[in-house]
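Report on one structure; see the data block that follows.
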Amino acid sequence: SAACGDDSKSDTANSTANTTAPTADAPKAIISLSPSSTEMLFAIGAGSQVIAVDEYSDYPAEALELPHDLSGFEPNVEAIAALQPDLVVVENPAIQAQLEALGITVFIALAPPTFDDLYTQIEQLGAATGHIGEAAELVGQMQTDIAAALAAVPAPAATLSIYHELDPTLYSIPSGSFIGQVYTLFGLTNIPDVVQPVHGSPPPNATPLLSSAP
């Protein structure tokens, strides 16, 4: 889905909004340095305004037809400025001041920690690119699709628990994370909330995890 923190492929950017015209005062040369932002831009109808993307933006397919050798992790101000953008969408704010000093508008698209933050970011990006209506439509469709997905899942006979392991230290994903919220929506009890109460700190050993029987 668009900018959900994992940049996975979806049908979100296949919306007919891809072909809509922006408002007259909208930016005409956008550079996206984030795969999730690239997907959002195309999904709200701003694809035709995008002139370049970062090296990892490979969805939708149209993004690969654009220059895509810029780095979002180590952005190069000179390389960006050489393309003469009037809007740069970037997750890392480190180069914001340098770009703005060159007269380039910058939109900081941090990874949204919640669904509400994601919806807000889509709407803000719509306002920044001249696609307010399309952004609102996309948010509404996403909310409808999520509600339908939740309604289609049968209620389990007993409460289910989950432990999403990220690395060998037993560090996992708590409910406060974006992915953790998805598990909560589906009614799952997240074991890390009990054995890993401090976000970012794994349990001291596997004993509490095993005793929780996820």
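Chain labels A, B, ... are given in the sequence in which chains occur in the structure tokens; within each chain residues are numbered consecutively from 1, and ligands are likewise numbered from 1 in the order shown.
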Please provide the set of residues having any atom within 8 Å of stretch 179-194 of chain A, restricted to only C-alpha atoms, with same-chain residues fewer than 3 positions apart removed, written as a short mmCIF file (atom, residue, chain, number, x, y, z; two decimals) with N, CA and C atoms, in the first residue's frame.
```
data_model
loop_
_atom_site.label_atom_id
_atom_site.label_comp_id
_atom_site.auth_asym_id
_atom_site.auth_seq_id
_atom_site.Cartn_x
_atom_site.Cartn_y
_atom_site.Cartn_z
N THR A 114 1.49 5.76 12.09
CA THR A 114 0.13 5.26 12.24
C THR A 114 -0.64 5.42 10.94
N LEU A 150 -10.92 -6.33 6.85
CA LEU A 150 -11.14 -6.72 8.24
C LEU A 150 -12.47 -7.47 8.40
N VAL A 153 -12.46 -11.25 7.43
CA VAL A 153 -11.71 -12.21 8.25
C VAL A 153 -12.62 -12.80 9.32
N THR A 159 -8.58 -16.21 21.22
CA THR A 159 -7.68 -15.10 20.94
C THR A 159 -6.32 -15.63 20.48
N LEU A 160 -5.84 -15.11 19.38
CA LEU A 160 -4.55 -15.54 18.84
C LEU A 160 -3.47 -14.53 19.22
N SER A 161 -2.26 -15.03 19.42
CA SER A 161 -1.14 -14.15 19.74
C SER A 161 -0.07 -14.28 18.67
N ILE A 162 0.80 -13.28 18.60
CA ILE A 162 1.81 -13.27 17.55
C ILE A 162 3.11 -12.71 18.09
N TYR A 163 4.21 -13.22 17.57
CA TYR A 163 5.52 -12.69 17.87
C TYR A 163 6.27 -12.56 16.55
N SER A 172 11.45 -7.64 18.48
CA SER A 172 10.24 -7.83 17.68
C SER A 172 9.49 -6.51 17.52
N ILE A 173 8.31 -6.63 16.95
CA ILE A 173 7.51 -5.45 16.62
C ILE A 173 6.40 -5.25 17.63
N PRO A 174 6.41 -4.17 18.41
CA PRO A 174 5.35 -3.92 19.38
C PRO A 174 4.11 -3.33 18.71
N SER A 175 3.03 -3.27 19.43
CA SER A 175 1.77 -2.77 18.87
C SER A 175 1.85 -1.30 18.47
N GLY A 176 2.77 -0.56 19.10
CA GLY A 176 2.87 0.86 18.78
C GLY A 176 3.47 1.15 17.42
N PRO A 197 8.49 -4.71 26.89
CA PRO A 197 7.71 -3.50 27.18
C PRO A 197 8.38 -2.21 26.73
N LEU A 209 9.36 -15.28 26.26
CA LEU A 209 8.75 -15.51 24.96
C LEU A 209 8.13 -16.90 24.88
N SER A 212 5.02 -17.43 26.89
CA SER A 212 3.83 -16.74 26.33
C SER A 212 3.15 -17.57 25.25
N PRO A 214 3.29 -18.00 21.81
CA PRO A 214 2.61 -17.32 20.69
C PRO A 214 2.10 -18.32 19.65
#
```
**OP:** For A:Gly130, list every protein, DNA or RNA residue within 8 Å, evaluated using only C-alpha atoms, and leave out those in the same chain fewer than 6 positions away; present the list as an MDAnalysis selection string.
**Re:** chainID A and resid 22:27
Prev. selection, N, CA and C atoms, output as a short mmCIF file (atom, residue, chain, number, x, y, z; two decimals), in the first residue's frame:
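Okay, this is what ended up in selection-v5.cif:
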```cif
data_model
loop_
_atom_site.label_atom_id
_atom_site.label_comp_id
_atom_site.auth_asym_id
_atom_site.auth_seq_id
_atom_site.Cartn_x
_atom_site.Cartn_y
_atom_site.Cartn_z
N PRO A 22 -3.05 18.59 -12.77
CA PRO A 22 -2.89 19.32 -11.51
C PRO A 22 -3.47 20.72 -11.61
N THR A 23 -3.57 21.41 -10.48
CA THR A 23 -3.99 22.80 -10.50
C THR A 23 -2.93 23.64 -11.19
N ALA A 24 -3.30 24.84 -11.61
CA ALA A 24 -2.41 25.67 -12.42
C ALA A 24 -1.11 26.04 -11.70
N ASP A 25 -1.18 26.20 -10.38
CA ASP A 25 0.00 26.63 -9.64
C ASP A 25 0.79 25.46 -9.05
N ALA A 26 0.49 24.26 -9.48
CA ALA A 26 1.16 23.07 -8.93
C ALA A 26 2.57 22.94 -9.47
N PRO A 27 3.45 22.28 -8.74
CA PRO A 27 4.82 22.04 -9.24
C PRO A 27 4.79 21.20 -10.50
#
```
Original post:
Using only C-alpha atoms, which of the listed residues (A:Ala149, A:Ala128, A:Ile80, A:Ala109) sits closest to A:Gln49?
Top reply: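 Closest to A:Gln49, using only C-alpha atoms: A:Ala128.
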**OP:** For each of A:Pro113, A:Pro154, A:Gly47, A:Pro67, take the minimum atom-to-atom distance to A:Thr129, counting only C-alpha atoms, then give the residue where this is smallest.
**Re:**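 Counting only C-alpha atoms, the residue closest to A:Thr129 is A:Gly47.
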Output as a tab-separated table (two decimals) with N, CA and C atoms, in the first residue's frame all residues of stretch 83-114 of chain A that backbone DSSP marks as strand (DSSP E).
```
chain	number	residue	atom	x	y	z
A	87	LEU	N	10.02	20.88	-6.84
A	87	LEU	CA	9.61	20.23	-5.60
A	87	LEU	C	10.40	18.94	-5.44
A	88	VAL	N	10.98	18.75	-4.26
A	88	VAL	CA	11.70	17.52	-3.94
A	88	VAL	C	11.02	16.87	-2.74
A	89	VAL	N	10.60	15.62	-2.91
A	89	VAL	CA	9.98	14.87	-1.82
A	89	VAL	C	11.03	13.92	-1.27
A	90	VAL	N	11.35	14.06	0.01
A	90	VAL	CA	12.45	13.30	0.59
A	90	VAL	C	12.12	12.91	2.02
A	105	THR	N	11.54	23.95	-3.42
A	105	THR	CA	10.61	23.58	-2.35
A	105	THR	C	10.85	22.12	-1.94
A	106	VAL	N	10.80	21.85	-0.63
A	106	VAL	CA	11.07	20.51	-0.11
A	106	VAL	C	9.86	20.02	0.69
A	107	PHE	N	9.45	18.80	0.42
A	107	PHE	CA	8.39	18.14	1.18
A	107	PHE	C	9.02	16.99	1.94
A	108	ILE	N	9.01	17.05	3.27
A	108	ILE	CA	9.59	16.00	4.09
A	108	ILE	C	8.53	14.93	4.34
```
**OP:** Pick out the closest residue to A:Ala29 from this set: A:Leu110, A:Leu41, A:Ile146, A:Leu83. Count only C-alpha atoms.
**Re:**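 Among the listed residues, A:Leu83 lies closest to A:Ala29.
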**OP:** Might you pull out every residue within 12 Å of A:Asp116, with only C-alpha atoms counted and same-chain residues fewer than 6 positions away left off, and present them as a ChimeraX atom specification?
**Re:** /A:3-4,122-123,139-140,142-143,178,181
Original post:
In Å to one decimal, how far is atom CA of A:Glu91 from atom CA of A:Ala136?
Top reply: 21.8 Å
Original post:
Looking only at the backbone, which of the residues in stretch 35-87 of chain A does DSSP tag as alpha helix (DSSP H), as JSON, numbers by chain?
Top reply: {"A": [35, 36, 37, 38, 39, 40, 41, 42, 43, 77, 78, 79, 80, 81, 82]}
Only C-alpha atoms, please: the residues just picked out, written as a PDB file, in the first residue's frame.
```
ATOM      1  CA  PRO A  35       9.786   4.603  -2.942  1.00  0.00           C
ATOM      2  CA  SER A  36       6.634   5.029  -0.854  1.00  0.00           C
ATOM      3  CA  SER A  37       6.396   8.701  -1.836  1.00  0.00           C
ATOM      4  CA  THR A  38       6.842   7.771  -5.489  1.00  0.00           C
ATOM      5  CA  GLU A  39       3.931   5.336  -5.253  1.00  0.00           C
ATOM      6  CA  MET A  40       1.799   7.963  -3.522  1.00  0.00           C
ATOM      7  CA  LEU A  41       2.581  10.587  -6.160  1.00  0.00           C
ATOM      8  CA  PHE A  42       1.431   8.313  -8.952  1.00  0.00           C
ATOM      9  CA  ALA A  43      -1.596   7.157  -6.961  1.00  0.00           C
ATOM     10  CA  VAL A  77      22.327  18.228  -3.649  1.00  0.00           C
ATOM     11  CA  GLU A  78      24.277  19.016  -6.814  1.00  0.00           C
ATOM     12  CA  ALA A  79      22.802  16.056  -8.716  1.00  0.00           C
ATOM     13  CA  ILE A  80      19.310  16.975  -7.590  1.00  0.00           C
ATOM     14  CA  ALA A  81      19.655  20.672  -8.426  1.00  0.00           C
ATOM     15  CA  ALA A  82      21.035  19.830 -11.879  1.00  0.00           C
TER      16      ALA A  82
END
```
**OP:** Between atom CA of A:Lys28 and atom CA of A:Val50, measure the distance and give it in Å to one decimal.
**Re:** 7.5 Å
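Comparing the minimum interatomic distances between A:Pro93 and each of A:Ala152, A:Ile44, A:Leu64, A:Leu33, counting only C-alpha atoms, we find that A:Leu33 sits nearest.
What separates atom CA of A:Tyr119 from atom CA of A:Tyr59 is a distance of 19.5 Å.
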